[in-house]
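Printed here is target23.txt (compact mmCIF, C-alpha atoms):
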# COMPACT_ATOMS: atom_id res chain seq x y z
CA MET A 1 68.72 79.24 72.98
CA ARG A 2 70.52 79.74 69.70
CA TYR A 3 73.40 81.37 71.60
CA VAL A 4 73.66 78.40 73.89
CA MET A 5 73.77 76.06 70.92
CA THR A 6 76.37 78.17 69.15
CA SER A 7 78.51 78.22 72.29
CA CYS A 8 78.19 74.47 72.60
CA LEU A 9 79.22 74.05 69.00
CA MET A 10 82.19 76.36 69.48
CA LEU A 11 83.20 74.50 72.59
CA ALA A 12 82.88 71.21 70.75
CA ALA A 13 85.01 72.62 67.95
CA LEU A 14 87.69 73.61 70.42
CA MET A 15 87.64 70.23 72.07
CA HIS A 16 87.33 68.08 68.99
CA PRO A 17 90.82 67.25 67.74
CA ALA A 18 89.87 66.87 64.06
CA TRP A 19 88.12 70.24 63.95
CA ALA A 20 90.88 71.90 65.88
CA GLU A 21 93.38 70.66 63.31
CA GLU A 22 91.24 71.98 60.53
CA ALA A 23 91.31 75.38 62.18
CA VAL A 24 95.11 75.24 62.26
CA THR A 25 95.45 74.54 58.55
CA GLU A 26 93.49 77.72 57.92
CA GLN A 27 96.21 79.73 59.67
CA ASP A 28 97.07 82.90 57.81
CA ASP A 29 100.61 82.58 56.50
CA THR A 30 100.92 86.29 55.91
CA LEU A 31 100.79 87.06 59.63
CA PRO A 32 104.11 87.24 61.49
CA PRO A 33 104.72 84.02 63.43
CA LEU A 34 105.37 86.05 66.60
CA GLU A 35 102.98 88.16 68.60
CA ILE A 36 104.71 90.65 70.86
CA THR A 37 102.89 92.22 73.79
CA ASN A 38 103.82 94.29 76.83
CA ALA A 39 107.15 95.57 75.45
CA TRP A 40 108.80 98.06 77.78
CA ALA A 41 112.25 99.25 78.79
CA ARG A 42 113.34 100.52 82.17
CA ALA A 43 114.10 104.22 82.35
CA THR A 44 117.83 104.73 82.89
CA THR A 45 120.69 107.20 82.69
CA GLY A 46 123.19 104.35 82.72
CA PRO A 47 125.30 102.88 79.94
CA THR A 48 123.08 99.83 79.44
CA GLY A 49 119.36 99.18 79.31
CA ALA A 50 116.91 96.29 79.55
CA VAL A 51 113.83 95.57 77.45
CA TYR A 52 111.14 93.17 78.62
CA LEU A 53 108.30 91.71 76.56
CA THR A 54 106.10 88.70 75.98
CA ALA A 55 106.65 86.83 72.70
CA ARG A 56 104.01 84.35 71.67
CA ASN A 57 104.59 81.83 68.89
CA MET A 58 101.46 81.97 66.75
CA ASN A 59 102.50 78.91 64.78
CA GLN A 60 100.65 75.92 66.16
CA GLN A 61 102.93 73.33 64.59
CA GLU A 62 106.49 74.62 64.44
CA GLU A 63 108.79 76.34 66.85
CA THR A 64 109.77 79.92 66.19
CA VAL A 65 113.23 81.24 66.96
CA ILE A 66 114.16 84.74 68.08
CA ALA A 67 117.51 84.86 66.32
CA GLY A 68 118.56 88.37 67.23
CA VAL A 69 117.49 91.88 68.19
CA SER A 70 118.55 95.39 67.23
CA THR A 71 117.58 99.00 67.82
CA PRO A 72 118.87 102.28 66.42
CA ILE A 73 119.23 103.73 69.93
CA ALA A 74 121.98 101.35 71.10
CA LYS A 75 125.28 100.09 69.70
CA ALA A 76 124.24 96.52 70.39
CA ALA A 77 121.21 94.60 71.58
CA GLU A 78 121.60 91.11 72.99
CA LEU A 79 119.45 88.38 74.49
CA HIS A 80 120.39 87.81 78.11
CA THR A 81 119.05 85.86 81.01
CA THR A 82 119.71 86.23 84.71
CA ILE A 83 120.54 83.04 86.51
CA LYS A 84 120.57 82.79 90.26
CA ASP A 85 122.73 80.15 91.83
CA GLN A 86 123.70 79.74 95.45
CA ARG A 87 126.14 82.60 95.62
CA PHE A 88 125.64 84.77 92.58
CA MET A 89 123.25 86.51 90.31
CA ARG A 90 124.81 86.06 86.90
CA MET A 91 123.82 87.37 83.52
CA VAL A 92 124.34 85.03 80.63
CA LYS A 93 124.12 85.86 76.93
CA MET A 94 121.83 83.65 74.84
CA GLN A 95 122.50 83.10 71.13
CA ASP A 96 118.80 82.73 70.39
CA ILE A 97 115.50 81.82 72.02
CA ALA A 98 113.37 79.00 70.61
CA ILE A 99 109.66 79.20 71.40
CA PRO A 100 107.73 75.93 71.09
CA PRO A 101 104.59 75.72 68.89
CA ALA A 102 101.83 77.86 70.39
CA GLY A 103 104.15 78.63 73.32
CA ALA A 104 105.37 81.93 74.73
CA VAL A 105 108.44 83.47 76.31
CA VAL A 106 107.81 85.98 79.05
CA MET A 107 110.73 88.34 79.55
CA GLN A 108 110.51 90.08 82.91
CA PRO A 109 112.72 91.74 85.55
CA GLY A 110 115.07 89.28 87.20
CA GLY A 111 114.89 86.86 84.27
CA THR A 112 115.28 86.84 80.51
CA HIS A 113 115.65 90.28 78.96
CA ILE A 114 116.98 92.14 75.96
CA MET A 115 120.10 93.98 76.94
CA LEU A 116 120.93 97.26 75.24
CA VAL A 117 124.63 98.10 75.29
CA GLY A 118 126.00 101.54 74.48
CA LEU A 119 122.84 103.62 74.72
CA GLU A 120 122.89 106.82 72.65
CA GLY A 121 121.33 108.75 75.50
CA PRO A 122 119.22 108.27 78.61
CA LEU A 123 115.99 106.30 78.34
CA GLU A 124 113.39 108.74 79.63
CA GLU A 125 110.10 107.68 81.15
CA GLY A 126 107.18 107.90 78.74
CA LYS A 127 109.38 108.00 75.61
CA GLY A 128 109.53 105.15 73.12
CA PHE A 129 111.86 103.58 70.55
CA PRO A 130 111.68 100.85 67.89
CA LEU A 131 113.08 97.37 68.42
CA THR A 132 113.60 94.92 65.57
CA ILE A 133 113.33 91.22 66.30
CA GLU A 134 114.88 88.78 63.83
CA ILE A 135 112.65 85.75 63.51
CA GLY A 136 114.32 82.60 62.24
CA GLU A 137 116.51 83.21 59.21
CA GLU A 138 114.27 85.38 57.09
CA ASP A 139 111.55 87.21 58.98
CA GLU A 140 111.77 90.25 61.14
CA LEU A 141 109.35 92.31 63.12
CA THR A 142 109.73 95.88 64.37
CA ILE A 143 107.79 96.84 67.46
CA PRO A 144 107.50 99.96 69.61
CA VAL A 145 108.96 99.83 73.12
CA VAL A 146 107.76 102.21 75.81
CA VAL A 147 110.06 103.46 78.59
CA MET A 148 108.79 103.00 82.15
CA VAL A 149 110.06 103.24 85.73
CA LYS A 150 109.54 99.77 87.11
CA GLY A 151 111.26 97.30 89.41
CA ILE A 152 109.72 93.96 90.26
CA GLU A 153 106.00 94.55 90.57
CA MET B 1 75.51 57.13 121.50
CA LYS B 2 78.96 55.53 121.26
CA TRP B 3 78.91 56.35 117.57
CA LEU B 4 78.27 59.98 118.23
CA LEU B 5 81.12 60.15 120.72
CA PHE B 6 83.46 58.45 118.25
CA LEU B 7 82.37 60.81 115.50
CA GLY B 8 82.90 63.80 117.79
CA ILE B 9 86.39 62.72 118.77
CA SER B 10 87.45 62.03 115.18
CA LEU B 11 86.13 65.41 114.12
CA MET B 12 88.11 67.14 116.86
CA LEU B 13 91.24 65.22 115.92
CA THR B 14 90.83 66.12 112.26
CA VAL B 15 90.30 69.79 112.99
CA GLY B 16 93.28 69.74 115.35
CA ALA B 17 95.46 68.10 112.71
CA VAL B 18 94.42 70.60 110.04
CA VAL B 19 95.12 73.55 112.35
CA LEU B 20 98.54 72.13 113.23
CA TRP B 21 99.31 71.41 109.60
CA GLN B 22 98.42 74.95 108.63
CA LYS B 23 100.45 76.46 111.43
CA THR B 24 103.61 74.40 111.07
CA PRO B 25 104.88 75.72 107.72
CA VAL B 26 104.29 79.30 108.84
CA THR B 27 106.42 78.98 111.95
CA ALA B 28 109.08 77.05 110.07
CA GLN B 29 109.25 79.77 107.45
CA SER B 30 109.51 82.66 109.87
CA GLN B 31 112.28 80.94 111.80
CA ALA B 32 114.39 79.76 108.88
CA PRO B 33 116.00 82.99 107.66
CA GLN B 34 116.52 84.44 111.12
CA ILE B 35 119.91 85.96 111.69
CA ILE B 36 121.53 84.84 114.87
CA GLU B 37 123.63 87.30 116.79
CA GLN B 38 126.84 85.42 116.08
CA ASP B 39 126.28 85.78 112.33
CA ALA B 40 125.57 89.47 112.70
CA GLN B 41 129.15 90.01 113.90
CA LEU B 42 130.50 88.62 110.65
CA PHE B 43 129.04 91.31 108.43
CA GLY B 44 130.08 94.91 107.99
CA GLY B 45 133.21 96.69 109.14
CA ALA B 46 135.71 99.26 108.01
CA PHE B 47 135.81 100.60 104.47
CA GLU B 48 137.36 103.54 102.70
CA LEU B 49 135.75 104.44 99.38
CA VAL B 50 135.13 107.37 97.03
CA ASP B 51 131.69 108.86 96.38
CA ALA B 52 130.22 110.16 93.11
CA ASP B 53 131.73 113.61 93.83
CA GLY B 54 135.18 112.09 94.21
CA LYS B 55 135.16 112.60 97.99
CA THR B 56 136.63 109.96 100.30
CA ARG B 57 134.01 108.30 102.51
CA THR B 58 134.63 105.79 105.26
CA ASP B 59 132.35 103.70 107.46
CA GLN B 60 133.06 106.26 110.23
CA ASP B 61 131.14 108.91 108.24
CA PHE B 62 127.96 106.87 108.66
CA GLN B 63 128.30 106.02 112.36
CA GLY B 64 125.17 106.83 114.32
CA GLN B 65 123.01 106.21 111.23
CA PHE B 66 121.31 103.08 110.05
CA MET B 67 122.73 101.97 106.72
CA LEU B 68 121.03 100.14 103.89
CA VAL B 69 123.88 98.64 101.85
CA TYR B 70 123.59 97.25 98.33
CA PHE B 71 126.33 96.11 95.94
CA GLY B 72 126.04 96.20 92.14
CA PHE B 73 127.43 97.92 89.03
CA THR B 74 126.20 100.41 86.47
CA TYR B 75 126.58 98.10 83.43
CA CYS B 76 124.04 95.75 85.04
CA PRO B 77 120.68 96.56 83.42
CA ASP B 78 118.40 94.05 85.12
CA ILE B 79 119.27 93.12 88.70
CA CYS B 80 120.90 96.33 89.96
CA PRO B 81 118.17 98.78 88.88
CA ILE B 82 115.63 96.50 90.54
CA GLY B 83 117.60 96.78 93.79
CA LEU B 84 117.99 100.56 93.48
CA ILE B 85 114.36 101.22 92.52
CA ARG B 86 113.44 99.14 95.55
CA ILE B 87 115.62 101.27 97.84
CA THR B 88 114.10 104.40 96.26
CA ARG B 89 110.61 103.14 97.14
CA VAL B 90 111.68 102.11 100.65
CA LEU B 91 112.85 105.69 101.29
CA GLN B 92 109.54 107.04 99.98
CA GLN B 93 107.62 104.64 102.25
CA LEU B 94 109.68 105.67 105.28
CA GLY B 95 108.82 109.35 104.94
CA ASP B 96 110.57 111.37 107.66
CA SER B 97 112.05 108.22 109.20
CA ALA B 98 114.24 107.94 106.10
CA ASP B 99 116.47 110.57 107.78
CA GLU B 100 117.63 107.81 110.12
CA VAL B 101 118.85 105.62 107.27
CA THR B 102 121.70 106.21 104.82
CA PRO B 103 121.43 104.03 101.72
CA LEU B 104 124.74 103.02 100.13
CA PHE B 105 125.30 101.62 96.64
CA ILE B 106 128.78 100.12 96.35
CA THR B 107 130.06 99.11 92.92
CA VAL B 108 131.70 95.75 92.26
CA ASP B 109 133.04 97.09 88.94
CA PRO B 110 135.51 99.81 89.97
CA GLU B 111 137.24 99.55 86.60
CA ARG B 112 134.28 101.03 84.70
CA ASP B 113 132.41 102.74 87.52
CA THR B 114 134.29 105.98 87.95
CA PRO B 115 132.76 108.65 90.20
CA GLU B 116 131.49 110.47 87.06
CA GLN B 117 129.88 107.28 85.75
CA LEU B 118 128.16 106.73 89.12
CA LYS B 119 126.96 110.31 89.22
CA THR B 120 125.18 110.00 85.86
CA TYR B 121 123.80 106.57 86.66
CA MET B 122 122.40 107.54 90.05
CA THR B 123 120.20 110.33 88.67
CA SER B 124 117.72 107.51 87.85
CA PHE B 125 117.25 106.80 91.55
CA ASP B 126 116.65 108.57 94.87
CA GLU B 127 119.26 111.28 95.33
CA ARG B 128 119.81 110.25 98.95
CA ILE B 129 121.50 107.03 97.85
CA VAL B 130 125.27 107.43 98.31
CA ALA B 131 127.07 105.72 95.41
CA LEU B 132 130.59 104.54 96.18
CA THR B 133 133.53 103.31 94.15
CA GLY B 134 137.27 103.09 94.80
CA SER B 135 140.39 101.24 93.80
CA ALA B 136 140.12 97.52 93.10
CA GLU B 137 141.72 96.96 96.52
CA GLN B 138 139.27 99.27 98.34
CA ILE B 139 136.28 97.60 96.69
CA LYS B 140 137.64 94.18 97.60
CA GLN B 141 137.93 95.23 101.23
CA ALA B 142 134.37 96.57 101.36
CA ALA B 143 132.94 93.50 99.61
CA ASN B 144 134.84 91.19 101.93
CA ALA B 145 133.48 93.05 104.95
CA TYR B 146 129.94 92.38 103.74
CA LYS B 147 130.68 88.83 102.55
CA VAL B 148 129.73 89.86 99.03
CA TYR B 149 130.97 87.53 96.31
CA TYR B 150 131.82 89.08 92.97
CA VAL B 151 133.64 87.70 89.97
CA LYS B 152 134.48 89.40 86.71
CA ARG B 153 133.58 87.10 83.84
CA GLU B 154 134.53 87.56 80.17
CA GLU B 155 131.54 87.14 77.92
CA ASP B 156 131.11 87.16 74.16
CA SER B 157 129.07 90.33 74.51
CA ALA B 158 129.28 93.97 73.48
CA MET B 159 129.83 94.54 77.22
CA GLU B 160 133.13 92.60 77.06
CA TYR B 161 132.76 91.45 80.60
CA LEU B 162 130.08 91.04 83.24
CA VAL B 163 130.34 90.88 86.99
CA ASP B 164 128.57 88.03 88.74
CA HIS B 165 127.68 89.13 92.23
CA SER B 166 125.56 88.32 95.24
CA ALA B 167 122.58 90.65 95.50
CA PHE B 168 121.60 90.99 99.15
CA THR B 169 120.56 94.25 100.77
CA TYR B 170 122.03 94.73 104.25
CA LEU B 171 120.48 96.75 107.04
CA MET B 172 123.13 97.88 109.52
CA ASP B 173 122.43 99.53 112.86
CA ARG B 174 123.90 102.76 114.26
CA GLU B 175 126.98 100.89 115.45
CA GLY B 176 127.55 99.34 112.03
CA GLN B 177 126.28 95.88 113.04
CA LEU B 178 124.05 93.79 110.81
CA VAL B 179 120.40 93.89 111.84
CA HIS B 180 118.88 92.22 108.86
CA HIS B 181 119.67 91.06 105.35
CA PHE B 182 117.22 90.81 102.51
CA PRO B 183 117.38 88.51 99.51
CA HIS B 184 117.01 89.80 95.97
CA GLU B 185 113.36 88.72 95.99
CA ALA B 186 112.42 90.91 98.97
CA THR B 187 109.89 93.65 98.19
CA ASP B 188 110.09 97.33 99.15
CA ASP B 189 107.32 96.56 101.66
CA ASP B 190 109.45 93.85 103.32
CA ILE B 191 112.38 96.20 103.76
CA ALA B 192 110.37 99.27 104.82
CA LYS B 193 108.45 97.23 107.39
CA ALA B 194 111.64 95.78 108.84
CA ILE B 195 113.20 99.24 109.15
CA LYS B 196 110.06 100.67 110.77
CA ARG B 197 110.03 97.79 113.24
CA VAL B 198 113.67 98.33 114.17
CA LEU B 199 113.12 102.08 114.58
CA ALA B 200 110.01 101.46 116.70
CA ALA B 201 111.90 98.99 118.90
CA GLU B 202 114.70 101.51 119.34
CA PHE B 203 112.26 104.27 120.22
CA LYS B 204 110.52 102.03 122.72
CA ALA B 205 113.82 101.01 124.27
CA GLY B 206 114.89 104.65 124.51
CA ALA B 207 111.61 105.83 126.02
CA GLN B 208 111.39 103.03 128.56
CA PRO B 209 114.87 101.78 129.35
CA SER B 210 114.67 98.12 130.14
CA PRO B 211 117.18 95.29 130.56
CA GLY B 212 116.37 94.19 127.04
CA ALA B 213 117.15 97.54 125.42
CA GLY B 214 119.03 97.52 122.15
CA ASN B 215 119.47 93.81 121.65
CA PRO B 216 117.98 90.69 120.09
CA GLU B 217 114.69 92.44 119.55
CA GLN B 218 116.42 94.13 116.67
CA LEU B 219 117.31 90.82 115.09
CA THR B 220 114.22 90.18 113.12
CA GLU B 221 113.51 87.68 110.42
CA THR B 222 113.33 88.25 106.68
CA GLY B 223 110.57 87.43 104.26
CA GLU B 224 107.59 88.86 106.09
Starting from the coordinates I provided, produce the structure as structure tokens.
Amino acid sequence: MRYVMTSCLMLAALMHPAWAEEAVTEQDDTLPPLEITNAWARATTGPTGAVYLTARNMNQQEETVIAGVSTPIAKAAELHTTIKDQRFMRMVKMQDIAIPPAGAVVMQPGGTHIMLVGLEGPLEEGKGFPLTIEIGEEDELTIPVVVMVKGIE
Amino acid sequence: MKWLLFLGISLMLTVGAVVLWQKTPVTAQSQAPQIIEQDAQLFGGAFELVDADGKTRTDQDFQGQFMLVYFGFTYCPDICPIGLIRITRVLQQLGDSADEVTPLFITVDPERDTPEQLKTYMTSFDERIVALTGSAEQIKQAANAYKVYYVKREEDSAMEYLVDHSAFTYLMDREGQLVHHFPHEATDDDIAKAIKRVLAAEFKAGAQPSPGAGNPEQLTETGE
């Protein structure tokens, strides 16, 4: 019975706007504003590579901007997105990616991705490398990326 | 009693309407992307290109084989590997039947895609895929034959330029005629199934010669 009551209270807390707001103000400022999950790169022996990941903005009130990316294993890393129009698939470079409060950007094959140009060597399945994400003007976050053989699943 | 009859009729009508409604979009979908024979004539044709070993290859080399043709370029990290991994999986799915099909990867970036570059790049994919490059003129001819659009576009990127291109996969028959084309979204299952169906139809036609042998039966629809 106590469990049921606790659950009800928790549910009420989630649904009640005033309480929800209170929860937000308790947000830990020391945590990075971005949560990165599912970061992987496609195995390749080519001159360029692609990294895919999900970036979640943990800030409930303000947008978070991915301002740039870099990795020691490539000469350059850029934010790109693939656009399909009637005739073409075209890749377009993005200066940055703004993620709305509590929102997320899902980078996946055939869409937005991090393009690695001038790879030092082949990306071999099962290996990993670090990727640094510049957040806004001051923060940055370095995450591990795992290399996988994957198309569109 | 009249009520019951009325109720019965309305129920039947409703069920009928629901069944029709459910069926209609399915038929519409399977008919929409169908390739008509006239269109098939417009795709494919002569080409003279160079493979990853620097050897000249023409369309004549692949006569008598089915071809699975895909255009792309090695500096393309997202779209093109998806297409080539898909072809790799199609070949795995086909098993022994894969011997009937030659997969071709033709670059739309002959400037950067030298035979050596292709050779390194292709080690990521099935070794049966024949990678082809050539002079700008040769590539233009091949792309035109397959109605492939490609445009080099300068971009403020470490890549200097990108190539926008159409990303269909073409299945050609033993005479070099289009049987089927698959959009970028097609899965390896879609393509493998279509190839198996075409091979089965050919086998059937060969085993039991009939007036319908080797024709529209091969023109099947995409997106199944």
>> What are the residues of chain A lining chain B at 12 Å or less? Count only C-alpha atoms, and put the answer as a count of residues only.
In response: 58
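Relative to CA of Thr88 (chain B), CA of Thr56 (chain B) is found at 23.6 Å.
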Give the centre and edge lengths of an axis-aligned box, in Å to one decimal, that holds all listed atoms of region 42-49 of chain B with 3 Å on each side, as AutoDock Vina command-line options.
--center_x 133.2 --center_y 96.5 --center_z 105.0 --size_x 14.3 --size_y 21.8 --size_z 17.3
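One finds CA of Gln63 (chain B) at 13.1 Å from CA of Leu104 (chain B).
In terms of minimum interatomic distance to Glu175 (chain B), B:Gln65 ranks closest within B:Gln41, B:Gln93, B:Thr58, B:Gln65, counting all atoms listed in the file.
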